[in-house]
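Asker: Data: model14.txt, compact mmCIF, C-alpha atoms.
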# COMPACT_ATOMS: atom_id res chain seq x y z
CA MET A 29 63.11 43.92 -12.30
CA LEU A 30 62.14 40.53 -10.89
CA THR A 31 62.02 41.64 -7.27
CA SER A 32 58.91 41.76 -5.04
CA LEU A 33 57.97 38.20 -5.95
CA PHE A 34 58.63 37.25 -2.32
CA LYS A 35 58.64 39.17 0.97
CA ASP A 36 62.18 38.10 1.90
CA PRO A 37 64.55 40.71 0.37
CA LYS A 38 67.47 38.27 0.28
CA LEU A 39 65.40 35.71 -1.62
CA ASN A 40 64.28 38.42 -4.06
CA GLU A 41 67.93 39.39 -4.57
CA GLU A 42 68.75 35.83 -5.58
CA VAL A 43 65.75 35.70 -7.91
CA GLU A 44 66.97 38.95 -9.49
CA LYS A 45 70.51 37.64 -9.83
CA TYR A 46 70.03 34.10 -11.08
CA CYS A 47 66.60 33.84 -12.74
CA ARG A 48 65.57 34.73 -16.26
CA HIS A 49 62.40 36.60 -17.18
CA LYS A 50 60.66 35.36 -20.33
CA LEU A 51 57.63 36.54 -22.32
CA LEU A 52 55.68 33.83 -24.16
CA GLY A 53 52.98 34.13 -26.80
CA LYS A 54 49.51 32.58 -26.81
CA ASP A 55 49.39 28.78 -27.29
CA GLN A 56 53.18 28.48 -27.01
CA VAL A 57 54.43 25.05 -25.94
CA MET A 58 56.81 25.47 -23.00
CA MET A 59 57.55 21.82 -22.31
CA THR A 60 56.73 18.38 -23.68
CA PRO A 61 57.16 14.86 -22.24
CA GLY A 62 60.75 13.72 -22.45
CA ASP A 63 62.26 17.21 -22.33
CA GLU A 64 65.11 17.78 -19.91
CA VAL A 65 63.90 19.97 -17.04
CA VAL A 66 66.51 22.73 -16.74
CA PHE A 67 64.31 25.30 -15.01
CA VAL A 68 61.09 25.53 -13.01
CA PRO A 69 58.67 28.27 -14.16
CA ILE A 70 56.95 30.73 -11.86
CA VAL A 71 54.12 32.52 -13.66
CA THR A 72 53.96 36.29 -13.16
CA LYS A 73 51.31 37.07 -15.82
CA GLY A 74 48.85 34.96 -17.80
CA ALA A 75 48.26 31.23 -17.31
CA VAL A 76 49.83 27.91 -18.31
CA ARG A 77 47.83 24.75 -19.02
CA ILE A 78 49.39 21.52 -17.75
CA MET A 79 48.52 18.23 -19.45
CA ARG A 80 49.59 14.60 -19.27
CA GLN A 81 50.48 13.21 -22.68
CA ASN A 82 51.18 9.58 -23.63
CA GLU A 83 53.46 8.22 -26.35
CA GLU A 84 50.63 8.32 -28.90
CA GLY A 85 50.08 12.02 -28.26
CA GLN A 86 46.81 11.57 -26.38
CA GLU A 87 46.33 14.21 -23.70
CA VAL A 88 44.52 14.67 -20.41
CA PHE A 89 44.11 18.13 -18.88
CA LEU A 90 45.44 18.34 -15.30
CA TYR A 91 45.46 21.94 -14.02
CA HIS A 92 46.46 25.56 -14.69
CA ILE A 93 49.32 27.58 -13.26
CA TYR A 94 48.38 31.18 -12.45
CA PRO A 95 50.45 34.26 -11.44
CA GLY A 96 52.45 33.58 -8.29
CA GLN A 97 52.30 29.81 -8.85
CA THR A 98 54.66 27.15 -10.16
CA CYS A 99 54.33 23.59 -11.49
CA ALA A 100 54.49 20.71 -9.00
CA MET A 101 55.16 18.22 -11.80
CA ALA A 102 58.20 20.20 -12.97
CA LEU A 103 59.42 20.44 -9.37
CA ASN A 104 59.05 16.70 -8.91
CA CYS A 105 60.94 15.93 -12.11
CA CYS A 106 63.86 18.22 -11.35
CA GLN A 107 64.19 17.05 -7.75
CA ALA A 108 64.09 13.39 -8.84
CA GLY A 109 66.38 13.96 -11.82
CA ARG A 110 63.71 12.84 -14.28
CA ARG A 111 62.77 14.22 -17.66
CA SER A 112 59.47 16.02 -18.10
CA MET A 113 56.31 13.94 -17.76
CA ILE A 114 53.90 16.73 -18.78
CA LYS A 115 53.06 19.11 -21.59
CA ALA A 116 52.84 22.80 -20.70
CA VAL A 117 51.11 25.30 -23.02
CA THR A 118 50.40 29.00 -22.49
CA GLU A 119 46.73 30.00 -22.60
CA ASP A 120 47.41 33.60 -23.61
CA GLU A 121 50.39 35.96 -23.61
CA THR A 122 52.23 34.84 -20.50
CA GLU A 123 55.25 35.98 -18.50
CA ILE A 124 57.33 33.57 -16.44
CA ILE A 125 60.43 33.56 -14.28
CA GLN A 126 62.74 30.63 -14.98
CA VAL A 127 64.31 29.26 -11.79
CA PRO A 128 67.39 27.08 -12.53
CA VAL A 129 66.94 23.55 -11.17
CA ASN A 130 70.17 23.69 -9.15
CA LEU A 131 68.66 26.45 -6.99
CA ILE A 132 65.47 24.62 -6.01
CA GLU A 133 67.10 22.71 -3.12
CA GLU A 134 69.61 25.44 -2.29
CA TRP A 135 66.86 27.99 -1.66
CA PHE A 136 65.28 25.78 0.98
CA LYS A 137 67.47 27.77 3.39
CA TYR A 138 64.82 30.48 2.97
CA PRO A 139 61.67 29.63 5.01
CA GLU A 140 59.47 31.54 2.53
CA TRP A 141 60.78 29.47 -0.40
CA ARG A 142 60.30 26.23 1.53
CA SER A 143 56.73 27.27 2.34
CA PHE A 144 56.14 28.21 -1.33
CA ILE A 145 57.31 24.80 -2.59
CA ASN A 146 55.43 22.82 0.06
CA GLY A 147 52.30 24.85 -0.60
CA THR A 148 52.61 24.14 -4.31
CA TYR A 149 52.74 20.38 -3.72
CA GLY A 150 49.73 20.55 -1.40
CA ALA A 151 47.60 22.60 -3.79
CA ARG A 152 48.44 20.49 -6.83
CA PHE A 153 47.81 17.24 -4.96
CA THR A 154 44.29 18.44 -4.13
CA GLU A 155 43.70 19.48 -7.76
CA LEU A 156 44.95 16.16 -9.10
CA LEU A 157 42.63 14.28 -6.76
CA GLY A 158 39.81 16.34 -8.23
CA VAL A 159 40.89 15.36 -11.74
CA ILE A 160 41.02 11.69 -10.76
CA ASP A 161 37.56 11.94 -9.25
CA LEU A 162 36.21 13.52 -12.42
CA ILE A 163 37.73 10.83 -14.63
CA ALA A 164 36.89 7.89 -12.39
CA PHE A 165 33.53 8.83 -10.92
CA SER A 166 31.91 11.45 -13.17
CA ASN A 167 30.18 11.29 -16.52
CA MET A 168 31.86 12.92 -19.48
CA ASP A 169 29.42 15.85 -19.34
CA LYS A 170 30.78 16.87 -15.93
CA GLN A 171 34.36 16.47 -17.17
CA LEU A 172 33.55 18.64 -20.19
CA LEU A 173 31.90 21.38 -18.13
CA HIS A 174 34.84 21.41 -15.69
CA TYR A 175 37.29 21.65 -18.60
CA LEU A 176 35.41 24.55 -20.22
CA GLN A 177 35.09 26.41 -16.92
CA GLU A 178 38.80 26.04 -16.17
CA ARG A 179 39.82 27.22 -19.67
CA ALA A 180 37.45 30.19 -19.42
CA LYS A 181 38.81 31.08 -15.98
CA ALA A 182 42.40 30.95 -17.23
CA LEU A 183 41.56 33.28 -20.14
CA ASN A 184 39.29 35.51 -18.04
CA THR A 185 36.51 35.23 -20.62
CA LYS A 186 33.16 33.55 -21.18
CA ALA A 187 33.77 32.87 -24.89
CA LEU A 188 36.28 30.18 -25.85
CA TYR A 189 37.66 30.06 -29.38
CA ILE A 190 38.22 26.34 -29.63
CA THR A 191 37.19 23.46 -31.87
CA HIS A 192 35.35 20.34 -30.79
CA GLN A 193 38.34 18.29 -31.98
CA GLU A 194 40.76 20.22 -29.76
CA ILE A 195 38.54 19.55 -26.76
CA ALA A 196 38.24 15.87 -27.66
CA ASP A 197 42.02 15.56 -27.92
CA GLU A 198 42.58 17.03 -24.46
CA LEU A 199 39.78 15.01 -22.86
CA HIS A 200 40.93 11.84 -24.58
CA THR A 201 37.63 11.09 -26.29
CA HIS A 202 35.95 11.29 -29.71
CA ARG A 203 34.94 14.54 -31.41
CA GLU A 204 31.45 13.20 -32.06
CA ALA A 205 30.93 12.61 -28.32
CA ILE A 206 32.03 16.16 -27.50
CA SER A 207 29.77 17.65 -30.18
CA ARG A 208 26.81 15.65 -28.88
CA LEU A 209 27.43 16.71 -25.27
CA LEU A 210 27.84 20.36 -26.27
CA ARG A 211 24.52 20.31 -28.11
CA THR A 212 22.88 18.85 -24.99
CA MET A 213 24.54 21.54 -22.85
CA GLU A 214 23.23 24.19 -25.25
CA GLU A 215 19.70 22.82 -24.89
CA LYS A 216 20.12 23.18 -21.12
CA ASN A 217 21.27 26.80 -21.59
CA LEU A 218 24.70 26.05 -20.15
CA VAL A 219 26.55 27.13 -23.30
CA LYS A 220 25.94 28.91 -26.58
CA LEU A 221 27.65 27.37 -29.61
CA GLY A 222 29.06 29.29 -32.56
CA ARG A 223 31.57 28.62 -35.32
CA HIS A 224 34.71 27.51 -33.44
CA THR A 225 33.36 29.30 -30.35
CA ILE A 226 31.74 28.13 -27.13
CA GLU A 227 30.22 30.73 -24.81
CA LEU A 228 29.57 29.79 -21.20
CA LEU A 229 26.22 31.09 -19.99
Will you turn the file into structure tokens for me?
Answerer:
Amino acid sequence: MLTSLFKDPKLNEEVEKYCRHKLLGKDQVMMTPGDEVVFVPIVTKGAVRIMRQNEEGQEVFLYHIYPGQTCAMALNCCQAGRRSMIKAVTEDETEIIQVPVNLIEEWFKYPEWRSFINGTYGARFTELLGVIDLIAFSNMDKQLLHYLQERAKALNTKALYITHQEIADELHTHREAISRLLRTMEEKNLVKLGRHTIELL
């Protein structure tokens, strides 16, 4: 059953009738740049990490999608008829509802859906401004701490099983710089480092 996602029973009926429920495993790639956007995901369990990726494969972390949320970038692409401009990866076992792109505009007849979409754009715009501020005005140590905190929040844990190289790839920097910053953060008792693990203190 896909119902109870919204308060409007008629909207829930359409979700039940036309949308597909899908279970995804940990670290599963849902979408990559250049993919045709045929559905917009609404997360019902777990979390999805959204990243910007260039042609060379370099990535920048943007935000997470949590239960009850959808992706503004995917919405923008489907409404503009563009291919995907982001990479989406599940943090852990995640459940999503796939809304076909042809229904995005049609469901605007439902005030609750219109409010949901507009609210998504507003929330993501604020988050993206935060990302821009971090990149443009903050030192890498603040970017790194923000990244670790967001990943930990998405996984509901204090211990991240991740390599320094993986972090460097997603923050678009060198592994040596990440390792150096993490050692400094450990000296400040912000993190505890282990083999392929980083524990937030």
Asker: Find the residues near A:Pro61: any atom within 7 Å, counting all atoms listed in the file, skip ones fewer than 5 places away on the same chain, and give them as a PDB file with C-alpha atoms, in the coordinates of the input.
Answerer:
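Written file, part24.pdb:
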ATOM      1  CA  GLN A  81      50.480  13.210 -22.680  1.00  0.00           C
ATOM      2  CA  SER A 112      59.470  16.020 -18.100  1.00  0.00           C
ATOM      3  CA  MET A 113      56.310  13.940 -17.760  1.00  0.00           C
ATOM      4  CA  ILE A 114      53.900  16.730 -18.780  1.00  0.00           C
ATOM      5  CA  LYS A 115      53.060  19.110 -21.590  1.00  0.00           C
TER       6      LYS A 115
END
Asker: Could you jot down the atom CA of A:Thr72 to atom CA of A:Phe34 separation for me, Å, one decimal place?
Answerer: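 Going from atom CA of A:Thr72 over to atom CA of A:Phe34 covers 11.8 Å.
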Asker: Hey, what's within 9 Å of stretch 138-143 of chain A if we count all atoms listed in the file and toss same-chain stuff fewer than 2 positions away? As a PyMOL selection string, please?
Answerer: chain A and resi 34-36+38-39+132-136+145-148
Asker: So, counting only C-alpha atoms, which residue among A:Glu41, A:Asp169, A:Glu64, A:Glu155 is closest to A:Arg111?
Answerer: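 Closest to A:Arg111 of all the choices is A:Glu64.
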Asker: Restricting the calculation to all atoms listed in the file, which member of A:Ile70, A:Leu156, A:Leu172, A:Leu188 is positioned closest to A:Met213?
Answerer: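 Result for the nearest residue to A:Met213: A:Leu172.
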Asker: What gap, in Å, lies between atom CA of A:His200 and atom CA of A:Gly150?
Answerer: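 Taking atom CA of A:His200 as the start and atom CA of A:Gly150 as the end point, the length is 26.3 Å.
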Asker: Mind giving me the straight-line distance from atom CA of A:Arg179 to atom CA of A:Cys47 in Å, one decimal?
Answerer: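 Value for the atom CA of A:Arg179-atom CA of A:Cys47 distance: 28.4 Å.
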Asker: Could you pull the residues within 6 Å of A:Ile93, counting only C-alpha atoms, minus those fewer than 4 positions along the same chain, as a list in words?
Answerer: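 Residues meeting the cut-off are Ala75, Val76 and Gln97 of chain A.
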Asker: Next, the residues of the selection above should be written as a short mmCIF file (atom, residue, chain, number, x, y, z; two decimals), in the coordinates of the input with C-alpha atoms.
Answerer:
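Saved as result.cif:
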data_model
loop_
_atom_site.label_atom_id
_atom_site.label_comp_id
_atom_site.auth_asym_id
_atom_site.auth_seq_id
_atom_site.Cartn_x
_atom_site.Cartn_y
_atom_site.Cartn_z
CA ALA A 75 48.26 31.23 -17.31
CA VAL A 76 49.83 27.91 -18.31
CA GLN A 97 52.30 29.81 -8.85
#
Asker: Find the spatial neighbours of A:Asn217, counting all atoms listed in the file, within a cut-off of 9 Å - ignore same-chain residues fewer than 4 positions away - and output them as a PyMOL selection string.
Answerer: chain A and resi 212-213+228-229
Asker: Counting all atoms listed in the file, which residue out of A:Asp161, A:Gln86, A:Glu44, A:Gln171 sits closest to A:Ser32?
Answerer: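 Of A:Asp161, A:Gln86, A:Glu44, A:Gln171, the one nearest A:Ser32, counting all atoms listed in the file, is A:Glu44.
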Asker: Between A:Lys181, A:Arg152, A:His192, A:His202, single out the one closest to A:Met101, counting all atoms listed in the file.
Answerer: A:Arg152
Asker: Between A:Phe144, A:His174, A:Cys106, A:His224, which one has atoms that come closest to A:Gln193, using all atoms listed in the file?
Answerer: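 Answer, going by the shortest atom-to-atom distance: A:His224.
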Asker: Which polymer residues, protein or nucleic acid, are no farther than 10 Å from (68.9, 28.8, -10.0), counting only C-alpha atoms, as a PyMOL selection string?
Answerer: chain A and resi 42-43+45-48+66-68+126-135
Asker: Ranking A:Lys170, A:Arg77, A:Lys54, A:Lys137 by minimum distance to A:Glu121 and counting only C-alpha atoms, which one comes first?
Answerer: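 Checking each candidate against A:Glu121, we get A:Lys54 as the closest.
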Asker: Name all residues at most 10 Å from A:Gly222 (count all atoms listed in the file; drop same-chain ones fewer than 5 positions away) and give them as a ChimeraX atom specification.
Answerer: /A:187-189,227
Asker: Could you give me the centre and size, in Å to one decimal, of an axis-aligned box around all listed atoms of stretch 63-70 of chain A with 6 Å added on every side, as lines of an AutoDock Vina configuration file?
Answerer:
center_x = 61.7
center_y = 24.0
center_z = -17.1
size_x = 21.6
size_y = 25.5
size_z = 22.5
